[in-house]
>>> print(open('data_2.cif').read())   # mmCIF, C-alpha atoms
data_entry
loop_
_atom_site.label_atom_id
_atom_site.label_comp_id
_atom_site.auth_asym_id
_atom_site.auth_seq_id
_atom_site.Cartn_x
_atom_site.Cartn_y
_atom_site.Cartn_z
CA MET A 1360 -16.19 -104.44 34.24
CA ASN A 1361 -17.00 -100.82 33.56
CA SER A 1362 -20.74 -100.19 33.36
CA LEU A 1363 -20.49 -96.78 31.57
CA PRO A 1364 -20.87 -96.85 27.79
CA GLU A 1365 -17.83 -96.02 25.81
CA GLN A 1366 -18.03 -92.46 24.42
CA GLU A 1367 -17.31 -91.91 20.76
CA PRO A 1368 -15.23 -88.94 19.71
CA SER A 1369 -17.21 -85.91 18.46
CA GLU A 1370 -17.20 -84.80 14.88
CA ALA A 1371 -15.41 -81.53 15.74
CA ALA A 1372 -12.56 -83.46 17.14
CA ASN A 1373 -12.19 -85.37 13.90
CA LEU A 1374 -12.03 -82.19 11.77
CA PRO A 1375 -8.57 -81.26 10.50
CA LEU A 1376 -6.93 -78.25 12.20
CA PRO A 1377 -6.40 -75.14 9.97
CA GLU A 1378 -2.90 -74.46 8.91
CA GLU A 1379 -1.20 -71.54 10.70
CA LYS A 1380 -0.52 -68.54 8.49
CA THR A 1381 3.14 -67.72 8.50
CA ALA A 1382 2.85 -64.57 6.37
CA ARG A 1383 0.27 -61.87 5.87
CA GLU A 1384 -1.83 -62.43 2.85
CA PRO A 1385 -1.63 -59.72 0.17
CA LEU A 1386 -4.39 -57.12 0.11
CA LEU A 1387 -6.67 -57.77 -2.82
CA LEU A 1388 -7.76 -54.59 -4.60
CA GLU A 1389 -11.18 -54.23 -6.06
CA PRO A 1390 -11.31 -54.43 -9.83
CA TRP A 1391 -11.10 -51.08 -11.62
CA THR A 1392 -14.33 -49.80 -13.04
CA THR A 1393 -15.16 -46.96 -15.39
CA GLU A 1394 -17.98 -45.72 -13.21
CA PRO A 1395 -17.00 -42.77 -10.94
CA ALA A 1396 -16.91 -43.50 -7.25
CA ALA A 1397 -19.68 -42.04 -5.17
CA PRO A 1398 -18.58 -38.94 -3.20
CA PRO A 1399 -18.29 -39.29 0.57
CA VAL A 1400 -21.28 -38.36 2.60
CA GLU A 1401 -19.52 -35.48 4.30
CA ASP A 1402 -18.66 -33.84 0.96
CA GLU A 1403 -22.32 -33.53 0.05
CA ALA A 1404 -22.74 -30.69 2.57
CA ARG A 1405 -19.92 -28.63 1.12
CA PRO A 1406 -21.06 -25.57 -0.89
CA SER A 1407 -20.48 -25.70 -4.59
CA ALA A 1408 -17.90 -23.46 -6.21
CA ASP A 1409 -20.66 -22.19 -8.47
CA PRO A 1410 -23.17 -20.23 -6.36
CA TYR A 1411 -25.81 -20.82 -9.05
CA SER A 1412 -25.43 -24.61 -9.30
CA ASN A 1413 -28.71 -25.20 -7.46
CA TRP A 1414 -30.65 -22.75 -9.62
CA ALA A 1415 -32.97 -23.91 -12.35
CA ALA A 1416 -31.65 -23.46 -15.87
CA GLU A 1417 -34.14 -20.73 -16.69
CA GLU A 1418 -33.36 -18.86 -13.44
CA ARG A 1419 -29.59 -18.63 -13.85
CA PRO A 1420 -28.31 -15.14 -14.83
CA LEU A 1421 -27.17 -14.73 -18.39
CA PHE A 1422 -23.90 -13.01 -17.46
CA ARG A 1423 -22.72 -14.68 -14.27
CA GLU A 1424 -19.54 -12.64 -13.94
CA PHE A 1425 -21.59 -9.54 -13.13
CA TYR A 1426 -23.22 -11.36 -10.21
CA ARG A 1427 -20.05 -12.63 -8.57
CA PRO A 1428 -19.05 -10.87 -5.33
CA ALA A 1429 -16.34 -8.28 -5.91
CA VAL A 1430 -12.98 -8.74 -4.19
CA ALA A 1431 -12.25 -5.85 -1.82
CA ALA A 1432 -9.31 -3.76 -3.03
CA GLN A 1433 -6.41 -2.94 -0.73
CA GLU A 1434 -7.01 0.70 0.10
CA ARG A 1435 -4.01 2.94 0.68
CA ILE A 1436 -4.53 5.18 3.71
CA PRO A 1437 -4.30 8.11 3.44
CA ASN A 1438 -4.61 8.90 -0.26
CA PHE A 1439 -5.49 11.98 -2.30
CA GLY A 1440 -9.18 11.50 -1.64
CA HIS A 1441 -8.54 11.66 2.10
CA LEU A 1442 -6.31 14.69 1.57
CA SER A 1443 -9.21 16.41 -0.19
CA ILE A 1444 -11.49 15.60 2.74
CA LEU A 1445 -8.88 17.14 5.05
CA GLY A 1446 -8.97 20.30 2.95
CA VAL A 1447 -12.73 20.55 3.36
CA LEU A 1448 -12.45 19.99 7.11
CA ALA A 1449 -9.70 22.59 7.33
CA LEU A 1450 -11.98 25.08 5.62
CA CYS A 1451 -14.65 24.33 8.23
CA GLY A 1452 -12.08 24.83 10.97
CA PHE A 1453 -10.99 28.13 9.43
CA VAL A 1454 -14.58 29.40 9.36
CA GLY A 1455 -15.13 28.26 12.93
CA ALA A 1456 -11.96 30.02 14.10
CA GLY A 1457 -13.12 33.19 12.38
CA VAL A 1458 -16.45 33.01 14.18
CA LEU A 1459 -14.71 32.59 17.53
CA THR A 1460 -12.43 35.54 16.79
CA ARG A 1461 -15.40 37.74 15.96
CA ALA A 1462 -17.09 36.68 19.16
CA ALA A 1463 -13.97 37.55 21.16
CA LEU A 1464 -13.84 40.99 19.52
CA HIS A 1465 -17.52 41.52 20.29
CA PHE A 1466 -16.84 41.03 24.00
CA HIS A 1467 -13.58 43.05 23.85
CA LEU A 1468 -11.53 40.11 25.08
CA PHE A 1469 -8.01 41.17 26.23
CA GLY A 1470 -9.03 44.77 25.65
CA VAL A 1471 -9.04 44.37 21.84
CA LYS A 1472 -11.96 46.03 20.04
CA THR A 1473 -11.05 46.07 16.34
CA LEU A 1474 -9.73 43.55 13.85
CA GLU A 1475 -6.67 45.74 13.20
CA GLN A 1476 -5.73 45.52 16.84
CA ALA A 1477 -6.31 41.76 16.86
CA VAL A 1478 -3.80 41.25 14.04
CA ASN A 1479 -1.01 42.64 16.22
CA ASP A 1480 -2.12 41.01 19.47
CA ILE A 1481 -0.40 37.75 20.40
CA HIS A 1482 -3.48 36.39 22.14
CA TYR A 1483 -5.56 36.70 18.99
CA THR A 1484 -2.91 35.54 16.55
CA LEU A 1485 -2.04 32.41 18.48
CA GLY A 1486 -5.61 31.97 19.72
CA SER A 1487 -7.12 32.00 16.25
CA GLU A 1488 -4.44 29.63 14.93
CA GLY A 1489 -4.95 27.29 17.86
CA ALA A 1490 -8.71 27.35 17.38
CA PHE A 1491 -8.25 26.56 13.69
CA TYR A 1492 -6.03 23.57 14.54
CA LEU A 1493 -8.33 22.22 17.24
CA LEU A 1494 -11.56 22.55 15.27
CA THR A 1495 -10.03 20.86 12.25
CA PHE A 1496 -8.66 18.10 14.45
CA LEU A 1497 -12.05 17.48 16.07
CA CYS A 1498 -13.66 17.22 12.64
CA CYS A 1499 -11.01 14.69 11.61
CA LEU A 1500 -11.71 12.56 14.68
CA LEU A 1501 -15.38 12.45 13.70
CA VAL A 1502 -15.05 11.91 9.96
CA PHE A 1503 -12.05 9.70 9.23
CA PRO A 1504 -12.55 6.68 11.56
CA PRO A 1505 -15.82 5.65 9.82
CA VAL A 1506 -14.23 6.23 6.42
CA TRP A 1507 -11.09 4.23 7.23
CA ARG A 1508 -12.89 1.64 9.38
CA GLN A 1509 -10.14 2.06 11.95
CA GLY A 1510 -8.95 4.62 14.46
CA PHE A 1511 -7.67 8.01 13.34
CA PHE A 1512 -4.14 7.56 14.69
CA ALA A 1513 -3.99 3.97 13.44
CA GLY A 1514 -4.82 5.18 9.93
CA LEU A 1515 -2.04 7.78 10.09
CA HIS A 1516 0.46 5.18 11.39
CA TRP A 1517 1.11 7.03 14.64
CA ARG A 1518 3.12 4.22 16.32
CA GLY A 1519 4.13 6.09 19.44
CA ALA A 1520 5.96 3.10 20.94
CA THR A 1521 8.29 3.05 17.94
CA ALA A 1522 9.11 6.74 18.41
CA LEU A 1523 9.88 6.21 22.09
CA HIS A 1524 12.09 3.23 21.29
CA LEU A 1525 14.06 5.32 18.76
CA SER A 1526 14.01 8.54 20.80
CA GLY A 1527 17.80 8.69 21.01
CA LYS A 1528 18.26 8.62 17.23
CA LEU A 1529 15.37 11.00 16.70
CA MET A 1530 16.79 13.55 19.12
CA SER A 1531 20.10 13.27 17.28
CA ALA A 1532 18.25 14.15 14.08
CA ALA A 1533 16.75 17.18 15.85
CA ALA A 1534 20.25 18.21 16.99
CA PHE A 1535 21.44 17.92 13.38
CA CYS A 1536 18.67 20.30 12.28
CA PHE A 1537 19.66 22.68 15.09
CA VAL A 1538 23.28 22.74 13.85
CA LEU A 1539 21.99 23.45 10.34
CA ALA A 1540 20.05 26.41 11.75
CA LEU A 1541 23.20 27.80 13.40
CA VAL A 1542 25.25 27.45 10.21
CA ASN A 1543 22.43 28.95 8.15
CA GLY A 1544 22.20 31.92 10.52
CA LEU A 1545 25.90 32.61 10.07
CA LEU A 1546 26.12 32.12 6.30
CA MET A 1547 22.69 33.30 5.13
CA PRO A 1548 21.05 35.34 7.88
CA GLY A 1549 17.53 36.55 7.34
CA PRO A 1550 16.18 40.08 7.89
CA SER A 1551 15.70 41.26 11.46
CA ASP A 1552 12.21 42.73 10.97
CA THR A 1553 10.32 39.62 9.93
CA PRO A 1554 6.75 39.01 11.16
CA ILE A 1555 7.96 36.26 13.51
CA ASP A 1556 10.42 38.71 15.09
CA GLU A 1557 7.67 41.28 15.54
CA MET A 1558 5.78 38.79 17.69
CA PHE A 1559 8.62 38.71 20.24
CA ARG A 1560 7.77 42.09 21.73
CA THR A 1561 7.12 41.24 25.35
CA PRO A 1562 8.31 38.41 27.62
CA GLY A 1563 4.72 37.17 27.93
CA ALA A 1564 4.40 36.87 24.16
CA ALA A 1565 7.72 35.05 23.95
CA TRP A 1566 6.65 32.50 26.54
CA LEU A 1567 3.36 31.93 24.72
CA LEU A 1568 5.24 31.37 21.48
CA LEU A 1569 7.55 28.89 23.21
CA ALA A 1570 4.63 26.87 24.58
CA PHE A 1571 2.83 26.94 21.25
CA GLY A 1572 5.96 26.16 19.24
CA VAL A 1573 6.90 22.98 21.10
CA THR A 1574 3.39 21.52 21.50
CA MET A 1575 0.56 22.46 19.15
CA ALA A 1576 2.57 23.62 16.14
CA PRO A 1577 4.69 20.44 15.70
CA PHE A 1578 1.75 18.14 16.33
CA PHE A 1579 -0.73 19.68 13.91
CA GLU A 1580 1.82 20.57 11.23
CA GLU A 1581 3.08 17.00 11.18
CA LEU A 1582 -0.47 15.69 10.95
CA ALA A 1583 -1.04 17.75 7.83
CA PHE A 1584 2.31 17.43 6.05
CA ARG A 1585 3.79 14.09 7.12
CA GLY A 1586 0.48 12.49 8.10
CA PHE A 1587 -1.62 13.26 5.00
CA LEU A 1588 0.34 15.02 2.26
CA LEU A 1589 3.49 12.88 2.23
CA PRO A 1590 1.73 9.46 2.12
CA ALA A 1591 -0.77 10.70 -0.44
CA LEU A 1592 2.02 11.85 -2.76
CA CYS A 1593 3.90 8.56 -2.34
CA THR A 1594 0.80 6.54 -3.18
CA ALA A 1595 -0.05 8.74 -6.15
CA TRP A 1596 3.44 8.43 -7.63
CA ASP A 1597 3.52 4.64 -7.34
CA TRP A 1598 0.01 4.40 -8.78
CA ALA A 1599 0.96 6.54 -11.80
CA ALA A 1600 4.25 4.71 -12.32
CA GLY A 1601 2.51 1.34 -12.07
CA ARG A 1602 -0.10 2.33 -14.63
CA ALA A 1603 2.59 3.59 -17.02
CA ALA A 1604 4.62 0.37 -16.71
CA ASN A 1605 1.52 -1.86 -16.53
CA GLU A 1606 2.69 -3.31 -13.21
CA PRO A 1607 0.54 -4.36 -10.24
CA ALA A 1608 0.42 -2.19 -7.16
CA ARG A 1609 2.74 -2.99 -4.28
CA PRO A 1610 1.01 -5.07 -1.62
CA LEU A 1611 0.35 -3.76 1.85
CA ASP A 1612 2.66 -4.87 4.64
CA GLU A 1613 1.66 -7.18 7.50
CA ASN A 1614 0.14 -4.22 9.40
CA GLY A 1615 -1.95 -3.06 6.45
CA HIS A 1616 0.30 -0.08 5.73
CA PRO A 1617 1.29 0.84 2.16
CA GLN A 1618 4.77 0.12 0.85
CA TRP A 1619 6.28 2.75 -1.46
CA SER A 1620 9.13 2.71 -3.93
CA PRO A 1621 12.32 4.72 -3.23
CA ALA A 1622 11.51 7.03 -6.15
CA ALA A 1623 8.07 7.78 -4.73
CA MET A 1624 9.45 8.56 -1.28
CA CYS A 1625 12.17 10.86 -2.64
CA LEU A 1626 9.84 12.81 -4.92
CA ALA A 1627 7.09 13.08 -2.30
CA SER A 1628 9.58 14.29 0.32
CA ALA A 1629 10.84 17.00 -2.02
CA VAL A 1630 7.34 18.24 -2.90
CA THR A 1631 6.20 18.13 0.73
CA SER A 1632 9.28 20.07 1.85
CA VAL A 1633 8.74 22.81 -0.73
CA VAL A 1634 5.13 23.23 0.38
CA PHE A 1635 6.21 23.21 4.04
CA ALA A 1636 8.83 25.90 3.45
CA LEU A 1637 6.43 28.05 1.43
CA MET A 1638 3.86 27.90 4.22
CA HIS A 1639 6.39 29.44 6.64
CA ALA A 1640 7.85 31.86 4.09
CA ASP A 1641 5.56 34.69 5.21
CA GLN A 1642 6.84 34.44 8.78
CA THR A 1643 10.47 34.76 7.62
CA GLY A 1644 9.89 37.62 5.19
CA TYR A 1645 10.33 35.40 2.09
CA SER A 1646 14.11 35.44 2.55
CA LEU A 1647 16.25 32.79 0.86
CA GLY A 1648 18.29 31.65 3.86
CA PRO A 1649 15.39 30.69 6.14
CA PHE A 1650 13.59 29.14 3.16
CA LEU A 1651 16.51 26.80 2.45
CA LEU A 1652 16.77 25.97 6.13
CA LEU A 1653 13.08 25.04 6.34
CA LEU A 1654 13.48 22.96 3.20
CA CYS A 1655 16.33 20.94 4.74
CA VAL A 1656 14.55 20.57 8.08
CA SER A 1657 11.45 19.27 6.33
CA LEU A 1658 13.52 16.69 4.44
CA VAL A 1659 14.84 15.42 7.77
CA LEU A 1660 11.28 15.23 9.11
CA CYS A 1661 10.19 13.27 6.03
CA TRP A 1662 13.11 10.91 6.54
CA ALA A 1663 12.06 10.34 10.16
CA ARG A 1664 8.49 9.61 9.11
CA LEU A 1665 9.35 7.24 6.25
CA SER A 1666 12.29 5.39 7.80
CA THR A 1667 10.45 4.57 11.03
CA ARG A 1668 6.94 4.21 9.56
CA SER A 1669 5.86 6.36 12.50
CA LEU A 1670 4.21 9.77 12.43
CA ALA A 1671 5.03 10.20 16.11
CA ALA A 1672 8.72 10.06 15.16
CA SER A 1673 8.53 13.16 12.96
CA VAL A 1674 6.45 14.95 15.62
CA LEU A 1675 9.14 14.22 18.20
CA VAL A 1676 11.93 15.49 15.94
CA HIS A 1677 9.95 18.63 15.12
CA ALA A 1678 9.16 19.39 18.77
CA CYS A 1679 12.75 18.81 19.89
CA TYR A 1680 14.11 21.04 17.12
CA ASN A 1681 11.77 23.89 18.05
CA PHE A 1682 12.65 23.46 21.73
CA MET A 1683 16.36 23.78 20.92
CA LEU A 1684 15.72 26.99 18.99
CA PHE A 1685 13.70 28.51 21.82
CA SER A 1686 16.29 27.37 24.36
CA LEU A 1687 18.93 29.31 22.45
CA MET A 1688 16.68 32.38 22.54
CA LEU A 1689 16.17 31.90 26.27
CA LEU A 1690 19.90 31.85 26.88
CA GLY A 1691 20.56 34.80 24.61
CA THR A 1692 17.92 37.01 26.22
CA SER A 1693 18.37 35.90 29.86
CA GLY A 1694 15.00 34.23 30.02
CA PHE A 1695 13.25 36.60 27.56
CA LYS A 1696 14.11 39.59 29.78
CA HIS A 1697 16.23 41.35 27.15
CA LEU A 1698 14.43 40.78 23.89
CA GLU A 1699 16.42 43.53 22.21
CA LYS A 1700 19.34 41.09 22.00
CA MET A 1701 17.51 38.82 19.60
#
>>> encode(input="data_2.cif", output="structure tokens")
Amino acid sequence: MNSLPEQEPSEAANLPLPEEKTAREPLLLEPWTTEPAAPPVEDEARPSADPYSNWAAEERPLFREFYRPAVAAQERIPNFGHLSILGVLALCGFVGAGVLTRAALHFHLFGVKTLEQAVNDIHYTLGSEGAFYLLTFLCCLLVFPPVWRQGFFAGLHWRGATALHLSGKLMSAAAFCFVLALVNGLLMPGPSDTPIDEMFRTPGAAWLLLAFGVTMAPFFEELAFRGFLLPALCTAWDWAAGRAANEPARPLDENGHPQWSPAAMCLASAVTSVVFALMHADQTGYSLGPFLLLLCVSLVLCWARLSTRSLAASVLVHACYNFMLFSLMLLGTSGFKHLEKM
């Protein structure tokens, strides 16, 4: 006989087992209420769209629109305002070059004692022009970067890598201008006693003109005409046309450079070329043939600047064209030894 008491089953064992769920029960949505839901905690730290939402009623400005921060306009660089600044800086450079010329005359540099002698001396003519270019350029390097809030060459869209990449096409454009010069010399030759011809008196003067004509002259002339004047005219035309048609201005491209209409580029190129040809008209005796040649060459330079969006491209075309002209002179005069053949 077993001495242990018989154990009774526990209450938990007598409870019925829950039925297994064979399917997921549907999600019960909370009843809809007319009261707005409370915003999340993280949204409370977000600033309000109204900057005066936290102000007291009596402290809020009466005309809020005058207190809103202004949206910065997309500035076109360079424009006519920048062109005017360049004119002022050029005037400063001209005065500085005149002071340097007077100082050179005071010390009888190169044996020149009077201003009349300096006018006919190649050292003074090229020296004063070079001083004018350099002084103006130095002033531009000091003034324009703070105004543009970017580098001087970046503001003028220099883009030297683009010019090097397209150097083959650009040199072909220079060769085209050289062929135009040959045809122009045959069909419409200019006078033989122009001021530029008078400068080719000695081999030394000819070599100085060659060095100046393929370096400083193309660089600084392109800065003025294709760097400042051409973009300013394009921007001014599109601005005037947009105001007349009540259309918004064209947006800047991804690099922050202005985009111009075809009409603006054509008109600005024509005006720039006329000014460019007139500037050199004194050197060619105001003759028609050289004037038309300079007009066509300037149009090619404007095309190089606008089609590549690179100022370095027009500088390269200009320098190569001048080098081809001087190379022809070198061959025709046996290395500037027989200048009477020019």
>>> closest_atom_pairs(input="data_2.cif", of="segment 1518-1619 of chain A", to="segment 1679-1700 of chain A", cutoff="10 Å", atoms="all atoms listed in the file", output="JSON lines")
{"residue": "A:Leu1529", "atom": "CA", "partner": "A:Cys1679", "partner_atom": "CA", "distance": 8.8}
{"residue": "A:Met1530", "atom": "CA", "partner": "A:Cys1679", "partner_atom": "CA", "distance": 6.7}
{"residue": "A:Ser1531", "atom": "CA", "partner": "A:Cys1679", "partner_atom": "CA", "distance": 9.6}
{"residue": "A:Ala1532", "atom": "CA", "partner": "A:Tyr1680", "partner_atom": "CA", "distance": 8.6}
{"residue": "A:Ala1533", "atom": "CA", "partner": "A:Tyr1680", "partner_atom": "CA", "distance": 4.8}
{"residue": "A:Ala1534", "atom": "CA", "partner": "A:Tyr1680", "partner_atom": "CA", "distance": 6.8}
{"residue": "A:Phe1535", "atom": "CA", "partner": "A:Tyr1680", "partner_atom": "CA", "distance": 8.8}
{"residue": "A:Cys1536", "atom": "CA", "partner": "A:Tyr1680", "partner_atom": "CA", "distance": 6.7}
{"residue": "A:Phe1537", "atom": "CA", "partner": "A:Tyr1680", "partner_atom": "CA", "distance": 6.1}
{"residue": "A:Val1538", "atom": "CA", "partner": "A:Tyr1680", "partner_atom": "CA", "distance": 9.9}
{"residue": "A:Ala1540", "atom": "CA", "partner": "A:Leu1684", "partner_atom": "CA", "distance": 8.5}
{"residue": "A:Leu1541", "atom": "CA", "partner": "A:Leu1684", "partner_atom": "CA", "distance": 9.4}
{"residue": "A:Asp1556", "atom": "CA", "partner": "A:Leu1698", "partner_atom": "CA", "distance": 9.9}
{"residue": "A:Phe1559", "atom": "CA", "partner": "A:Leu1698", "partner_atom": "CA", "distance": 7.2}
{"residue": "A:Arg1560", "atom": "CA", "partner": "A:Leu1698", "partner_atom": "CA", "distance": 7.1}
{"residue": "A:Thr1561", "atom": "CA", "partner": "A:Leu1698", "partner_atom": "CA", "distance": 7.5}
{"residue": "A:Pro1562", "atom": "CA", "partner": "A:Phe1695", "partner_atom": "CA", "distance": 5.3}
{"residue": "A:Gly1563", "atom": "CA", "partner": "A:Phe1695", "partner_atom": "CA", "distance": 8.6}
{"residue": "A:Ala1564", "atom": "CA", "partner": "A:Phe1695", "partner_atom": "CA", "distance": 9.5}
{"residue": "A:Ala1565", "atom": "CA", "partner": "A:Phe1695", "partner_atom": "CA", "distance": 6.8}
{"residue": "A:Trp1566", "atom": "CA", "partner": "A:Phe1695", "partner_atom": "CA", "distance": 7.8}
{"residue": "A:Leu1568", "atom": "CA", "partner": "A:Phe1685", "partner_atom": "CA", "distance": 8.9}
{"residue": "A:Leu1569", "atom": "CA", "partner": "A:Phe1685", "partner_atom": "CA", "distance": 6.3}
{"residue": "A:Ala1570", "atom": "CA", "partner": "A:Phe1682", "partner_atom": "CA", "distance": 9.2}
{"residue": "A:Phe1571", "atom": "CA", "partner": "A:Asn1681", "partner_atom": "CA", "distance": 10.0}
{"residue": "A:Gly1572", "atom": "CA", "partner": "A:Asn1681", "partner_atom": "CA", "distance": 6.4}
{"residue": "A:Val1573", "atom": "CA", "partner": "A:Phe1682", "partner_atom": "CA", "distance": 5.8}
{"residue": "A:Thr1574", "atom": "CA", "partner": "A:Asn1681", "partner_atom": "CA", "distance": 9.4}
{"residue": "A:Ala1576", "atom": "CA", "partner": "A:Asn1681", "partner_atom": "CA", "distance": 9.4}
{"residue": "A:Pro1577", "atom": "CA", "partner": "A:Asn1681", "partner_atom": "CA", "distance": 8.2}
>>> write_last_selection(input="data_2.cif", atoms="C-alpha atoms", output="PDB file, keeping the file's coordinate frame")
ATOM      1  CA  LEU A1529      15.370  11.000  16.700  1.00  0.00           C
ATOM      2  CA  MET A1530      16.790  13.550  19.120  1.00  0.00           C
ATOM      3  CA  SER A1531      20.100  13.270  17.280  1.00  0.00           C
ATOM      4  CA  ALA A1532      18.250  14.150  14.080  1.00  0.00           C
ATOM      5  CA  ALA A1533      16.750  17.180  15.850  1.00  0.00           C
ATOM      6  CA  ALA A1534      20.250  18.210  16.990  1.00  0.00           C
ATOM      7  CA  PHE A1535      21.440  17.920  13.380  1.00  0.00           C
ATOM      8  CA  CYS A1536      18.670  20.300  12.280  1.00  0.00           C
ATOM      9  CA  PHE A1537      19.660  22.680  15.090  1.00  0.00           C
ATOM     10  CA  VAL A1538      23.280  22.740  13.850  1.00  0.00           C
ATOM     11  CA  ALA A1540      20.050  26.410  11.750  1.00  0.00           C
ATOM     12  CA  LEU A1541      23.200  27.800  13.400  1.00  0.00           C
ATOM     13  CA  ASP A1556      10.420  38.710  15.090  1.00  0.00           C
ATOM     14  CA  PHE A1559       8.620  38.710  20.240  1.00  0.00           C
ATOM     15  CA  ARG A1560       7.770  42.090  21.730  1.00  0.00           C
ATOM     16  CA  THR A1561       7.120  41.240  25.350  1.00  0.00           C
ATOM     17  CA  PRO A1562       8.310  38.410  27.620  1.00  0.00           C
ATOM     18  CA  GLY A1563       4.720  37.170  27.930  1.00  0.00           C
ATOM     19  CA  ALA A1564       4.400  36.870  24.160  1.00  0.00           C
ATOM     20  CA  ALA A1565       7.720  35.050  23.950  1.00  0.00           C
ATOM     21  CA  TRP A1566       6.650  32.500  26.540  1.00  0.00           C
ATOM     22  CA  LEU A1568       5.240  31.370  21.480  1.00  0.00           C
ATOM     23  CA  LEU A1569       7.550  28.890  23.210  1.00  0.00           C
ATOM     24  CA  ALA A1570       4.630  26.870  24.580  1.00  0.00           C
ATOM     25  CA  PHE A1571       2.830  26.940  21.250  1.00  0.00           C
ATOM     26  CA  GLY A1572       5.960  26.160  19.240  1.00  0.00           C
ATOM     27  CA  VAL A1573       6.900  22.980  21.100  1.00  0.00           C
ATOM     28  CA  THR A1574       3.390  21.520  21.500  1.00  0.00           C
ATOM     29  CA  ALA A1576       2.570  23.620  16.140  1.00  0.00           C
ATOM     30  CA  PRO A1577       4.690  20.440  15.700  1.00  0.00           C
TER      31      PRO A1577
END
>>> residues_around(input="data_2.cif", residues="Phe1584 of chain A", least_positions_apart="2", cutoff="9 Å", atoms="only C-alpha atoms", output="ChimeraX atom specification")
/A:1579-1582,1586-1590,1631-1632,1634-1635,1661
>>> resolve_selection(input="data_2.cif", expression="the PyMOL selection byres ((chain A and resi 1449-1451) around 12)", output="count of residues only")
27
>>> closest_atom_pairs(input="data_2.cif", of="segment 1477-1561 of chain A", to="segment 1610-1621 of chain A", cutoff="12 Å", atoms="all atoms listed in the file", output="Markdown table")
| residue | atom | partner | partner_atom | distance |
| --- | --- | --- | --- | --- |
| A:Trp1507 | CA | A:Gly1615 | CA | 11.7 |
| A:Gln1509 | CA | A:Gly1615 | CA | 11.1 |
| A:Ala1513 | CA | A:His1616 | CA | 9.7 |
| A:Gly1514 | CA | A:His1616 | CA | 8.5 |
| A:Leu1515 | CA | A:His1616 | CA | 9.3 |
| A:His1516 | CA | A:His1616 | CA | 7.7 |
| A:Trp1517 | CA | A:His1616 | CA | 11.4 |
| A:Arg1518 | CA | A:Asn1614 | CA | 11.3 |
>>> atom_distance(input="data_2.cif", atom1="atom CA of Leu1647 of chain A", atom2="atom CA of Leu1546 of chain A")
11.3 Å
>>> atom_distance(input="data_2.cif", atom1="atom CA of Leu1652 of chain A", atom2="atom CA of Met1638 of chain A")
13.2 Å
>>> atom_distance(input="data_2.cif", atom1="atom CA of His1524 of chain A", atom2="atom CA of Leu1658 of chain A")
21.6 Å
>>> closest_residue(input="data_2.cif", among="A:Asp1480, A:Phe1578, A:Leu1501, A:Ser1646", to="Met1547 of chain A", atoms="only C-alpha atoms")
A:Ser1646
>>> closest_residue(input="data_2.cif", among="A:Glu1475, A:Thr1553, A:Leu1592, A:Pro1504", to="Ala1640 of chain A", atoms="only C-alpha atoms")
A:Thr1553
>>> residues_around(input="data_2.cif", residues="His1467 of chain A", least_positions_apart="6", cutoff="12 Å", atoms="only C-alpha atoms", output="ChimeraX atom specification")
/A:1460-1461,1473-1474,1476-1477,1483
>>> resolve_selection(input="data_2.cif", expression="the PyMOL selection byres ((chain A and resi 1667) around 12)", output="PyMOL selection string")
chain A and resi 1516-1526+1528-1529+1660-1666+1668-1673
>>> write_last_selection(input="data_2.cif", atoms="C-alpha atoms", output="short mmCIF file (atom, residue, chain, number, x, y, z; two decimals), in the coordinates of the input")
data_model
loop_
_atom_site.label_atom_id
_atom_site.label_comp_id
_atom_site.auth_asym_id
_atom_site.auth_seq_id
_atom_site.Cartn_x
_atom_site.Cartn_y
_atom_site.Cartn_z
CA HIS A 1516 0.46 5.18 11.39
CA TRP A 1517 1.11 7.03 14.64
CA ARG A 1518 3.12 4.22 16.32
CA GLY A 1519 4.13 6.09 19.44
CA ALA A 1520 5.96 3.10 20.94
CA THR A 1521 8.29 3.05 17.94
CA ALA A 1522 9.11 6.74 18.41
CA LEU A 1523 9.88 6.21 22.09
CA HIS A 1524 12.09 3.23 21.29
CA LEU A 1525 14.06 5.32 18.76
CA SER A 1526 14.01 8.54 20.80
CA LYS A 1528 18.26 8.62 17.23
CA LEU A 1529 15.37 11.00 16.70
CA LEU A 1660 11.28 15.23 9.11
CA CYS A 1661 10.19 13.27 6.03
CA TRP A 1662 13.11 10.91 6.54
CA ALA A 1663 12.06 10.34 10.16
CA ARG A 1664 8.49 9.61 9.11
CA LEU A 1665 9.35 7.24 6.25
CA SER A 1666 12.29 5.39 7.80
CA ARG A 1668 6.94 4.21 9.56
CA SER A 1669 5.86 6.36 12.50
CA LEU A 1670 4.21 9.77 12.43
CA ALA A 1671 5.03 10.20 16.11
CA ALA A 1672 8.72 10.06 15.16
CA SER A 1673 8.53 13.16 12.96
#
>>> closest_residue(input="data_2.cif", among="A:Ala1604, A:Phe1469, A:His1441, A:Leu1539", to="Val1502 of chain A", atoms="all atoms listed in the file")
A:His1441
>>> residues_around(input="data_2.cif", residues="Tyr1645 of chain A", least_positions_apart="5", cutoff="12 Å", atoms="only C-alpha atoms", output="ChimeraX atom specification")
/A:1549-1550,1552-1555,1636-1640,1650-1651,1653
>>> closest_residue(input="data_2.cif", among="A:Gly1527, A:Gly1648, A:Gly1510, A:Pro1437", to="Asn1543 of chain A", atoms="all atoms listed in the file")
A:Gly1648
